[in-house]
>>> print(open('protein01.txt').read())   # compact mmCIF, C-alpha atoms
# COMPACT_ATOMS: atom_id res chain seq x y z
CA MET A 10 -9.39 6.60 10.65
CA GLU A 11 -10.16 7.49 14.27
CA LEU A 12 -7.44 9.15 16.32
CA HIS A 13 -7.57 9.24 20.11
CA SER A 14 -5.38 11.53 22.18
CA GLU A 15 -4.23 11.59 25.77
CA THR A 16 -1.80 13.92 27.53
CA THR A 17 0.61 12.58 30.12
CA GLY A 18 3.13 15.07 31.51
CA ASP A 19 4.86 16.78 28.58
CA THR A 20 3.71 14.22 26.02
CA LEU A 21 0.56 14.04 23.97
CA THR A 22 -0.01 10.49 22.77
CA ILE A 23 -2.20 10.11 19.69
CA THR A 24 -3.35 6.57 19.03
CA ALA A 25 -4.59 5.56 15.60
CA SER A 26 -7.43 3.06 15.67
CA GLY A 27 -7.82 2.40 11.94
CA ASN A 28 -5.80 -0.21 10.09
CA ARG A 29 -4.58 1.84 7.12
CA ILE A 30 -3.31 5.28 6.13
CA ASP A 31 -3.73 5.31 2.36
CA ALA A 32 -4.49 7.68 -0.52
CA ALA A 33 -8.22 7.58 0.29
CA GLY A 34 -7.64 8.61 3.91
CA ALA A 35 -4.50 10.77 3.76
CA ILE A 36 -6.17 14.21 3.79
CA ASP A 37 -8.55 13.24 6.61
CA PHE A 38 -5.61 11.92 8.64
CA LYS A 39 -3.58 15.09 8.11
CA ASP A 40 -6.54 17.33 9.09
CA LYS A 41 -7.24 15.34 12.24
CA MET A 42 -3.58 15.48 13.18
CA ARG A 43 -3.57 19.26 12.73
CA ASN A 44 -6.59 19.66 15.03
CA LEU A 45 -5.12 17.40 17.69
CA THR A 46 -1.63 18.89 17.68
CA GLU A 47 -2.40 22.61 17.42
CA PHE A 48 -2.18 23.24 21.18
CA ALA A 49 -0.20 20.14 22.08
CA PRO A 50 2.66 20.02 24.58
CA GLU A 51 6.25 19.78 23.39
CA LYS A 52 6.32 16.08 22.57
CA ILE A 53 3.77 14.31 20.45
CA ALA A 54 3.82 10.54 20.12
CA LEU A 55 1.82 8.93 17.32
CA ASN A 56 1.10 5.29 18.07
CA LEU A 57 0.62 3.28 14.88
CA ALA A 58 0.28 -0.21 16.38
CA SER A 59 -3.13 -0.71 14.74
CA VAL A 60 -1.97 0.42 11.29
CA ASP A 61 -0.90 -2.52 9.15
CA PHE A 62 -0.73 -0.70 5.82
CA ILE A 63 0.57 2.68 4.66
CA ASP A 64 1.18 3.81 1.08
CA SER A 65 3.26 6.76 -0.12
CA SER A 66 0.27 9.12 0.19
CA GLY A 67 -0.17 8.00 3.80
CA LEU A 68 3.55 8.45 4.40
CA GLY A 69 3.26 11.96 2.94
CA ALA A 70 0.42 12.66 5.39
CA VAL A 71 2.58 11.57 8.36
CA VAL A 72 5.42 13.81 7.11
CA ALA A 73 2.94 16.67 6.64
CA SER A 74 1.68 16.10 10.20
CA MET A 75 5.18 16.75 11.48
CA LYS A 76 5.78 19.73 9.19
CA GLN A 77 2.59 21.45 10.32
CA LEU A 78 3.56 21.29 14.03
CA PRO A 79 4.31 24.58 15.72
CA PRO A 80 8.10 25.21 15.90
CA GLY A 81 9.93 23.41 18.70
CA LYS A 82 7.54 20.48 18.87
CA THR A 83 8.52 16.98 17.82
CA LEU A 84 6.59 14.02 16.48
CA ILE A 85 7.69 10.59 17.68
CA LEU A 86 6.36 7.45 16.00
CA GLU A 87 5.56 4.39 18.08
CA ASP A 88 5.02 0.70 17.42
CA LEU A 89 5.34 0.47 13.64
CA THR A 90 4.01 -2.82 12.24
CA PRO A 91 6.33 -4.67 9.78
CA THR A 92 4.82 -3.34 6.51
CA VAL A 93 4.68 0.23 7.83
CA ALA A 94 8.28 -0.02 9.08
CA LYS A 95 9.31 -1.29 5.65
CA VAL A 96 7.84 1.78 3.90
CA PHE A 97 9.70 4.09 6.30
CA ARG A 98 12.92 2.14 5.75
CA LEU A 99 12.72 2.00 1.93
CA THR A 100 12.03 5.74 1.70
CA ARG A 101 14.68 6.44 4.38
CA MET A 102 12.05 8.35 6.34
CA ASP A 103 13.14 6.24 9.32
CA SER A 104 16.14 8.60 9.48
CA VAL A 105 13.87 11.64 9.80
CA PHE A 106 11.59 10.44 12.61
CA GLU A 107 12.36 9.20 16.07
CA ILE A 108 10.79 5.74 16.06
CA ARG A 109 10.33 3.81 19.30
CA THR A 110 8.41 0.99 20.91
CA SER A 111 5.91 2.00 23.56
CA GLY A 112 6.22 0.26 26.93
CA VAL A 113 2.51 -0.50 27.01
CA THR A 114 2.62 -2.65 23.90
CA ASN A 115 5.57 -4.67 25.19
CA GLU A 116 3.70 -5.50 28.37
CA ASP A 117 0.61 -6.40 26.38
CA THR A 118 2.65 -8.66 24.13
CA ARG A 119 4.20 -10.40 27.12
CA ALA A 120 0.81 -10.81 28.75
CA ASN A 121 -0.62 -12.33 25.58
CA ALA A 122 2.35 -14.61 25.08
CA SER A 123 2.23 -16.10 28.56
CA MET B 1 -29.13 -30.46 -5.35
CA HIS B 2 -28.20 -32.92 -8.06
CA ARG B 3 -27.85 -30.14 -10.58
CA ASP B 4 -25.57 -28.18 -8.23
CA SER B 5 -23.15 -31.03 -7.77
CA GLU B 6 -23.20 -31.72 -11.50
CA LEU B 7 -22.26 -28.11 -12.21
CA GLY B 8 -19.62 -28.28 -9.55
CA ALA B 9 -18.16 -31.40 -11.10
CA ARG B 10 -18.12 -29.83 -14.54
CA TYR B 11 -16.43 -26.74 -13.13
CA ARG B 12 -13.79 -28.84 -11.46
CA GLN B 13 -13.28 -30.78 -14.66
CA SER B 14 -12.69 -27.65 -16.74
CA THR B 15 -10.63 -25.72 -14.25
CA GLY B 16 -9.22 -28.08 -11.69
CA LYS B 17 -7.47 -30.90 -13.47
CA ASP B 18 -4.32 -30.71 -11.43
CA ASN B 19 -2.15 -28.33 -9.47
CA ASP B 20 -1.38 -26.37 -12.63
CA CYS B 21 -4.78 -24.77 -12.47
CA GLU B 22 -3.83 -22.98 -9.30
CA LYS B 23 -0.50 -21.97 -10.74
CA HIS B 24 -1.97 -20.52 -13.90
CA ALA B 25 -5.19 -19.05 -12.54
CA GLU B 26 -5.45 -15.39 -13.49
CA LEU B 27 -7.03 -12.84 -11.22
CA ARG B 28 -8.68 -10.06 -13.21
CA LEU B 29 -10.38 -6.93 -11.85
CA PHE B 30 -11.93 -3.84 -13.39
CA PHE B 31 -12.64 -0.81 -11.23
CA GLN B 32 -13.17 2.94 -11.29
CA SER B 33 -10.16 5.20 -10.89
CA ASP B 34 -10.82 6.71 -7.49
CA PRO B 35 -8.99 6.23 -4.18
CA LEU B 36 -11.81 4.36 -2.44
CA ALA B 37 -12.23 1.99 -5.40
CA VAL B 38 -8.46 1.37 -5.25
CA ARG B 39 -8.75 0.51 -1.55
CA ARG B 40 -11.56 -1.95 -2.29
CA ALA B 41 -9.68 -3.42 -5.25
CA LEU B 42 -6.65 -4.09 -3.04
CA GLU B 43 -8.88 -5.87 -0.57
CA SER B 44 -10.35 -8.04 -3.35
CA ILE B 45 -6.92 -8.80 -4.80
CA LEU B 46 -5.47 -9.86 -1.45
CA SER B 47 -8.41 -12.12 -0.72
CA GLY B 48 -8.12 -13.47 -4.29
CA LEU B 49 -4.49 -14.39 -3.53
CA ASP B 50 -5.39 -15.90 -0.17
CA HIS B 51 -5.03 -19.47 -1.45
CA LEU B 52 -1.33 -18.84 -2.17
CA ARG B 53 -0.74 -18.47 1.59
CA LEU B 54 1.73 -15.65 1.10
CA SER B 55 3.84 -14.56 4.04
CA GLN B 56 2.84 -11.37 5.84
CA ASP B 57 5.89 -9.67 4.34
CA ASP B 58 4.96 -10.70 0.78
CA CYS B 59 1.35 -9.58 1.30
CA GLY B 60 2.70 -6.20 2.39
CA THR B 61 4.90 -5.96 -0.70
CA VAL B 62 2.09 -6.96 -3.07
CA GLU B 63 -0.35 -4.49 -1.50
CA LEU B 64 2.19 -1.67 -1.47
CA VAL B 65 3.36 -2.02 -5.09
CA LEU B 66 -0.17 -2.43 -6.44
CA ALA B 67 -1.37 0.54 -4.35
CA GLU B 68 1.42 2.77 -5.68
CA VAL B 69 0.77 1.74 -9.29
CA MET B 70 -2.98 2.32 -8.98
CA ASN B 71 -2.63 5.59 -7.05
CA ASN B 72 -0.37 6.89 -9.82
CA ILE B 73 -3.02 6.06 -12.40
CA VAL B 74 -5.71 7.84 -10.33
CA GLU B 75 -3.52 10.89 -9.76
CA HIS B 76 -1.70 11.20 -13.08
CA ALA B 77 -3.12 9.10 -15.93
CA TYR B 78 -6.67 10.11 -14.98
CA ALA B 79 -5.60 13.48 -13.58
CA GLY B 80 -8.02 16.33 -12.93
CA GLU B 81 -11.49 15.92 -14.35
CA ARG B 82 -10.66 12.69 -16.12
CA SER B 83 -12.01 9.46 -14.82
CA GLY B 84 -11.91 5.98 -16.15
CA ILE B 85 -11.47 2.31 -15.63
CA ILE B 86 -8.40 0.52 -14.34
CA GLU B 87 -7.90 -3.12 -15.25
CA MET B 88 -5.65 -5.29 -13.10
CA ARG B 89 -4.49 -8.77 -14.07
CA ILE B 90 -2.41 -10.99 -11.83
CA LEU B 91 -1.11 -14.35 -12.96
CA ASN B 92 0.71 -16.77 -10.70
CA ASP B 93 2.81 -18.43 -13.41
CA GLY B 94 5.50 -20.00 -11.26
CA ASP B 95 7.90 -17.08 -11.64
CA GLY B 96 6.39 -14.85 -8.98
CA LEU B 97 3.23 -12.89 -9.68
CA ALA B 98 3.06 -11.52 -13.23
CA CYS B 99 1.06 -8.29 -13.04
CA MET B 100 -0.47 -6.20 -15.80
CA VAL B 101 -2.24 -2.89 -15.19
CA ILE B 102 -4.18 -1.22 -18.00
CA ASP B 103 -5.75 2.23 -18.18
CA ASP B 104 -7.04 4.59 -20.86
CA GLY B 105 -5.60 7.75 -19.32
CA LEU B 106 -2.76 10.10 -20.21
CA PRO B 107 0.54 8.50 -21.29
CA MET B 108 3.58 8.37 -19.00
CA PRO B 109 5.67 11.53 -19.28
CA ASP B 110 8.62 10.91 -21.66
CA GLY B 111 7.05 7.60 -22.68
CA ASN B 112 8.55 5.69 -19.75
CA PRO B 113 7.73 5.02 -16.10
CA PRO B 114 9.62 7.55 -13.92
CA MET B 115 12.87 6.38 -12.30
CA GLY B 116 11.90 7.49 -8.81
CA LYS B 117 13.55 10.36 -7.01
CA GLU B 118 16.37 10.16 -4.54
CA HIS B 119 15.33 12.70 -1.92
CA ASP B 120 17.74 14.70 0.18
CA LEU B 121 16.34 14.24 3.68
CA SER B 122 19.02 16.23 5.48
CA CYS B 123 17.03 19.40 4.80
CA PRO B 124 15.16 21.56 7.33
CA ARG B 125 11.87 20.05 8.52
CA GLU B 126 9.73 22.45 6.48
CA ASP B 127 11.40 21.31 3.25
CA LEU B 128 10.87 17.57 3.71
CA PRO B 129 9.15 15.91 0.73
CA GLU B 130 5.51 14.84 1.19
CA GLY B 131 5.31 12.91 -2.06
CA GLY B 132 7.32 11.50 -4.93
CA PHE B 133 8.07 8.19 -3.18
CA GLY B 134 5.84 5.97 -5.31
CA TRP B 135 8.08 5.06 -8.24
CA ALA B 136 11.13 4.52 -6.05
CA LEU B 137 9.09 2.00 -4.02
CA ILE B 138 7.74 0.28 -7.15
CA ARG B 139 11.20 -0.01 -8.69
CA GLU B 140 12.69 -1.27 -5.44
CA LEU B 141 10.08 -4.00 -4.91
CA ALA B 142 9.06 -5.09 -8.42
CA ARG B 143 11.15 -6.47 -11.28
CA ASP B 144 10.91 -6.72 -15.08
CA LEU B 145 9.07 -3.43 -15.31
CA GLY B 146 7.66 -2.85 -18.78
CA TYR B 147 5.49 -0.13 -20.30
CA GLU B 148 3.63 0.12 -23.59
CA ARG B 149 1.40 2.85 -24.97
CA GLU B 150 -0.91 1.59 -27.68
CA GLU B 151 -4.07 3.10 -29.15
CA GLY B 152 -4.56 5.49 -26.27
CA ARG B 153 -4.04 2.80 -23.68
CA ASN B 154 -1.31 2.37 -21.05
CA ARG B 155 -0.12 -1.11 -20.25
CA LEU B 156 2.28 -1.53 -17.34
CA THR B 157 3.75 -4.96 -16.62
CA PHE B 158 5.98 -6.17 -13.78
CA ARG B 159 6.70 -9.16 -11.59
CA LEU B 160 6.52 -9.50 -7.83
CA ASP B 161 8.62 -12.15 -6.13
CA VAL B 162 6.59 -14.04 -3.57
CA ARG B 163 7.22 -17.16 -1.59
CA ARG B 164 4.63 -19.42 -0.09
CA THR B 165 4.90 -19.98 3.62
CA ILE B 166 3.45 -23.48 3.31
CA LEU B 167 4.62 -25.65 0.44
CA THR B 168 1.86 -28.00 -0.60
CA SER B 169 3.87 -30.28 -2.88
>>> encode(input="protein01.txt", output="structure tokens")
Amino acid sequence: MELHSETTGDTLTITASGNRIDAAGAIDFKDKMRNLTEFAPEKIALNLASVDFIDSSGLGAVVASMKQLPPGKTLILEDLTPTVAKVFRLTRMDSVFEIRTSGVTNEDTRANAS
Amino acid sequence: MHRDSELGARYRQSTGKDNDCEKHAELRLFFQSDPLAVRRALESILSGLDHLRLSQDDCGTVELVLAEVMNNIVEHAYAGERSGIIEMRILNDGDGLACMVIDDGLPMPDGNPPMGKEHDLSCPREDLPEGGFGWALIRELARDLGYEREEGRNRLTFRLDVRRTILTS
């Protein structure tokens, strides 16, 4: 799982480029998130548009990524695909995270649709 | 060339008499109990179920439940230094997908699959759970869950409701 990061204003956006966060990749994901967020600004957005599968170990790694943030910093999740959203909903973790749709993806979707 | 088509014909004769063959075809896999082997097994299973033309939602459910079941075997039944083989059987018998998962690892604690925890998520951030979601997900998404321990072997059975997106009949 490759993670790319970019800072805009007070937000660090981390974009996942792999298609799954599962038991085989959970520790790697958590470690990479720690490295990227250690000196991050206040808001961190994790874009999961490319991730079409997450299991409970992967979910645990996303939760751990938030727990390991320095105090006062928040992790926002963006662009959950249907199966990923389902795992967050069934475990009620959707009540713990702020989940939103990124503007970029909406524009891309419109561009592709037209 | 001639021989190939003859073999093909014989294969069709023995396995492909009518639509029932597709309905009763069993998918069977054996693989090592490690996380990467589980990932590969899931890939094989989903491509093995490709002909059923499951909806994206059903594919997600199948992959999730099977992943949780297999991850539990890797983490608990074959915990620590143990390692072993996991056998997965999936039969499309007309009443969803009948699944059977067999391993030679440690038995389930208390002789039954865990119920799945109800987590309190209104806790401070540092106390949020990072695990223990697996059985709740399995029990939510699968039905007719059964478990047997026999001669040092675990056998877990369950059904997954799936619908085809394209009906061929």
>>> residues_around(input="protein01.txt", residues="Ile30 (chain A)", least_positions_apart="4", cutoff="9 Å", atoms="only C-alpha atoms", output="number ranges by chain")
A: 10, 34-35, 38, 60-64, 66-68, 70-71
>>> residues_near_point(input="protein01.txt", point="(-3.7, -2.6, -8.9)", cutoff="8 Å", atoms="only C-alpha atoms", output="JSON, numbers by chain")
{"B": [38, 41, 42, 66, 67, 69, 70, 86, 87, 88, 101]}
>>> residues_around(input="protein01.txt", residues="Leu45 (chain A)", least_positions_apart="4", cutoff="9 Å", atoms="all atoms listed in the file", output="list in words")
Leu12, His13, Ser14, Ile23, Asp40, Lys41 and Ala49 of chain A
>>> closest_residue(input="protein01.txt", among="B:Leu64, B:Leu52, B:Ala79, B:Cys99", to="Asp34 (chain B)", atoms="only C-alpha atoms")
B:Ala79
>>> closest_atom_pairs(input="protein01.txt", of="chain B", to="chain A", cutoff="8 Å", atoms="all atoms listed in the file", output="Markdown table")
| residue | atom | partner | partner_atom | distance |
| --- | --- | --- | --- | --- |
| B:Pro35 | CA | A:Ala33 | CA | 4.7 |
| B:Leu36 | CA | A:Ala33 | CA | 5.5 |
| B:Arg39 | CA | A:Ala33 | CA | 7.3 |
| B:Asp57 | CA | A:Thr92 | CA | 6.8 |
| B:Gly60 | CA | A:Thr92 | CA | 5.4 |
| B:Thr61 | CA | A:Thr92 | CA | 7.7 |
| B:Leu64 | CA | A:Asp64 | CA | 6.1 |
| B:Ala67 | CA | A:Asp64 | CA | 6.8 |
| B:Glu68 | CA | A:Asp64 | CA | 6.8 |
| B:Asn71 | CA | A:Ala32 | CA | 7.1 |
| B:Leu121 | CA | A:Val105 | CA | 7.1 |
| B:Arg125 | CA | A:Lys76 | CA | 6.1 |
| B:Glu126 | CA | A:Lys76 | CA | 5.5 |
| B:Leu128 | CA | A:Val72 | CA | 7.4 |
| B:Pro129 | CA | A:Gly69 | CA | 7.4 |
| B:Glu130 | CA | A:Gly69 | CA | 4.1 |
| B:Gly131 | CA | A:Gly69 | CA | 5.5 |
| B:Gly132 | CA | A:Ser65 | CA | 7.9 |
| B:Phe133 | CA | A:Ser65 | CA | 5.9 |
| B:Gly134 | CA | A:Ser65 | CA | 5.8 |
| B:Ala136 | CA | A:Thr100 | CA | 7.9 |
| B:Leu137 | CA | A:Leu99 | CA | 7.0 |
>>> residues_around(input="protein01.txt", residues="Lys82 (chain A)", least_positions_apart="4", cutoff="8 Å", atoms="all atoms listed in the file", output="list in words")
Pro50, Glu51, Lys52, Ile53 and Leu78 of chain A
>>> atom_distance(input="protein01.txt", atom1="CA of Ala98 (chain B)", atom2="CA of Glu151 (chain B)")
22.8 Å
>>> atom_distance(input="protein01.txt", atom1="CA of Phe106 (chain A)", atom2="CA of Asn56 (chain A)")
12.9 Å
>>> atom_distance(input="protein01.txt", atom1="CA of Gly27 (chain A)", atom2="CA of Ser59 (chain A)")
6.3 Å
>>> closest_residue(input="protein01.txt", among="B:Pro124, B:Leu106, B:Gly111, B:Asp161", to="Ser83 (chain B)", atoms="all atoms listed in the file")
B:Leu106
>>> decode(input="protein01.txt", residues="region 39-62 of chain A", atoms="N, CA, C and O atoms", output="PDB file, in the first residue's frame")
ATOM      1  N   LYS A  39      -0.310   1.101   9.179  1.00  0.00           N
ATOM      2  CA  LYS A  39      -0.260   1.849  10.430  1.00  0.00           C
ATOM      3  C   LYS A  39       1.093   2.557  10.595  1.00  0.00           C
ATOM      4  O   LYS A  39       1.155   3.730  10.977  1.00  0.00           O
ATOM      5  N   ASP A  40       2.182   1.860  10.250  1.00  0.00           N
ATOM      6  CA  ASP A  40       3.529   2.444  10.354  1.00  0.00           C
ATOM      7  C   ASP A  40       3.697   3.625   9.406  1.00  0.00           C
ATOM      8  O   ASP A  40       4.257   4.654   9.769  1.00  0.00           O
ATOM      9  N   LYS A  41       3.218   3.453   8.178  1.00  0.00           N
ATOM     10  CA  LYS A  41       3.329   4.542   7.203  1.00  0.00           C
ATOM     11  C   LYS A  41       2.513   5.754   7.642  1.00  0.00           C
ATOM     12  O   LYS A  41       2.937   6.893   7.470  1.00  0.00           O
ATOM     13  N   MET A  42       1.332   5.477   8.201  1.00  0.00           N
ATOM     14  CA  MET A  42       0.498   6.571   8.695  1.00  0.00           C
ATOM     15  C   MET A  42       1.202   7.304   9.840  1.00  0.00           C
ATOM     16  O   MET A  42       1.151   8.531   9.916  1.00  0.00           O
ATOM     17  N   ARG A  43       1.875   6.580  10.706  1.00  0.00           N
ATOM     18  CA  ARG A  43       2.569   7.214  11.826  1.00  0.00           C
ATOM     19  C   ARG A  43       3.656   8.157  11.293  1.00  0.00           C
ATOM     20  O   ARG A  43       3.772   9.300  11.712  1.00  0.00           O
ATOM     21  N   ASN A  44       4.446   7.666  10.334  1.00  0.00           N
ATOM     22  CA  ASN A  44       5.517   8.484   9.756  1.00  0.00           C
ATOM     23  C   ASN A  44       4.979   9.745   9.092  1.00  0.00           C
ATOM     24  O   ASN A  44       5.561  10.815   9.227  1.00  0.00           O
ATOM     25  N   LEU A  45       3.864   9.585   8.380  1.00  0.00           N
ATOM     26  CA  LEU A  45       3.327  10.733   7.635  1.00  0.00           C
ATOM     27  C   LEU A  45       2.635  11.758   8.528  1.00  0.00           C
ATOM     28  O   LEU A  45       2.563  12.934   8.183  1.00  0.00           O
ATOM     29  N   THR A  46       2.110  11.301   9.668  1.00  0.00           N
ATOM     30  CA  THR A  46       1.298  12.216  10.476  1.00  0.00           C
ATOM     31  C   THR A  46       2.034  12.788  11.681  1.00  0.00           C
ATOM     32  O   THR A  46       1.494  13.646  12.378  1.00  0.00           O
ATOM     33  N   GLU A  47       3.261  12.361  11.911  1.00  0.00           N
ATOM     34  CA  GLU A  47       3.994  12.771  13.107  1.00  0.00           C
ATOM     35  C   GLU A  47       4.076  14.297  13.229  1.00  0.00           C
ATOM     36  O   GLU A  47       3.870  14.849  14.301  1.00  0.00           O
ATOM     37  N   PHE A  48       4.430  14.971  12.137  1.00  0.00           N
ATOM     38  CA  PHE A  48       4.568  16.435  12.191  1.00  0.00           C
ATOM     39  C   PHE A  48       3.514  17.110  11.315  1.00  0.00           C
ATOM     40  O   PHE A  48       3.758  18.149  10.712  1.00  0.00           O
ATOM     41  N   ALA A  49       2.366  16.506  11.244  1.00  0.00           N
ATOM     42  CA  ALA A  49       1.305  17.010  10.370  1.00  0.00           C
ATOM     43  C   ALA A  49       0.621  18.230  10.973  1.00  0.00           C
ATOM     44  O   ALA A  49       0.668  18.436  12.183  1.00  0.00           O
ATOM     45  N   PRO A  50      -0.019  19.045  10.105  1.00  0.00           N
ATOM     46  CA  PRO A  50      -0.848  20.130  10.643  1.00  0.00           C
ATOM     47  C   PRO A  50      -2.057  19.554  11.371  1.00  0.00           C
ATOM     48  O   PRO A  50      -2.212  18.343  11.494  1.00  0.00           O
ATOM     49  N   GLU A  51      -2.932  20.467  11.785  1.00  0.00           N
ATOM     50  CA  GLU A  51      -4.047  20.093  12.663  1.00  0.00           C
ATOM     51  C   GLU A  51      -4.990  19.043  12.060  1.00  0.00           C
ATOM     52  O   GLU A  51      -5.409  18.106  12.713  1.00  0.00           O
ATOM     53  N   LYS A  52      -5.314  19.244  10.783  1.00  0.00           N
ATOM     54  CA  LYS A  52      -6.277  18.340  10.144  1.00  0.00           C
ATOM     55  C   LYS A  52      -5.575  17.389   9.193  1.00  0.00           C
ATOM     56  O   LYS A  52      -4.743  17.803   8.385  1.00  0.00           O
ATOM     57  N   ILE A  53      -5.971  16.132   9.293  1.00  0.00           N
ATOM     58  CA  ILE A  53      -5.401  15.131   8.393  1.00  0.00           C
ATOM     59  C   ILE A  53      -6.565  14.446   7.684  1.00  0.00           C
ATOM     60  O   ILE A  53      -7.485  13.933   8.333  1.00  0.00           O
ATOM     61  N   ALA A  54      -6.555  14.470   6.375  1.00  0.00           N
ATOM     62  CA  ALA A  54      -7.599  13.793   5.610  1.00  0.00           C
ATOM     63  C   ALA A  54      -6.987  12.558   4.956  1.00  0.00           C
ATOM     64  O   ALA A  54      -5.915  12.630   4.354  1.00  0.00           O
ATOM     65  N   LEU A  55      -7.640  11.423   5.148  1.00  0.00           N
ATOM     66  CA  LEU A  55      -7.169  10.183   4.521  1.00  0.00           C
ATOM     67  C   LEU A  55      -8.141   9.835   3.404  1.00  0.00           C
ATOM     68  O   LEU A  55      -9.311   9.527   3.664  1.00  0.00           O
ATOM     69  N   ASN A  56      -7.667   9.916   2.178  1.00  0.00           N
ATOM     70  CA  ASN A  56      -8.536   9.624   1.038  1.00  0.00           C
ATOM     71  C   ASN A  56      -8.443   8.142   0.655  1.00  0.00           C
ATOM     72  O   ASN A  56      -7.379   7.640   0.304  1.00  0.00           O
ATOM     73  N   LEU A  57      -9.592   7.475   0.747  1.00  0.00           N
ATOM     74  CA  LEU A  57      -9.623   6.020   0.525  1.00  0.00           C
ATOM     75  C   LEU A  57     -10.362   5.639  -0.765  1.00  0.00           C
ATOM     76  O   LEU A  57     -10.867   4.530  -0.895  1.00  0.00           O
ATOM     77  N   ALA A  58     -10.400   6.566  -1.703  1.00  0.00           N
ATOM     78  CA  ALA A  58     -11.136   6.311  -2.958  1.00  0.00           C
ATOM     79  C   ALA A  58     -10.634   5.071  -3.706  1.00  0.00           C
ATOM     80  O   ALA A  58     -11.407   4.389  -4.381  1.00  0.00           O
ATOM     81  N   SER A  59      -9.337   4.765  -3.574  1.00  0.00           N
ATOM     82  CA  SER A  59      -8.795   3.626  -4.328  1.00  0.00           C
ATOM     83  C   SER A  59      -8.977   2.297  -3.589  1.00  0.00           C
ATOM     84  O   SER A  59      -8.710   1.228  -4.135  1.00  0.00           O
ATOM     85  N   VAL A  60      -9.410   2.370  -2.332  1.00  0.00           N
ATOM     86  CA  VAL A  60      -9.482   1.154  -1.499  1.00  0.00           C
ATOM     87  C   VAL A  60     -10.853   0.510  -1.636  1.00  0.00           C
ATOM     88  O   VAL A  60     -11.850   1.077  -1.203  1.00  0.00           O
ATOM     89  N   ASP A  61     -10.931  -0.663  -2.271  1.00  0.00           N
ATOM     90  CA  ASP A  61     -12.248  -1.277  -2.413  1.00  0.00           C
ATOM     91  C   ASP A  61     -12.492  -2.428  -1.446  1.00  0.00           C
ATOM     92  O   ASP A  61     -13.562  -3.029  -1.441  1.00  0.00           O
ATOM     93  N   PHE A  62     -11.492  -2.714  -0.596  1.00  0.00           N
ATOM     94  CA  PHE A  62     -11.722  -3.744   0.421  1.00  0.00           C
ATOM     95  C   PHE A  62     -10.963  -3.426   1.708  1.00  0.00           C
ATOM     96  O   PHE A  62      -9.798  -3.031   1.681  1.00  0.00           O
TER      97      PHE A  62
END
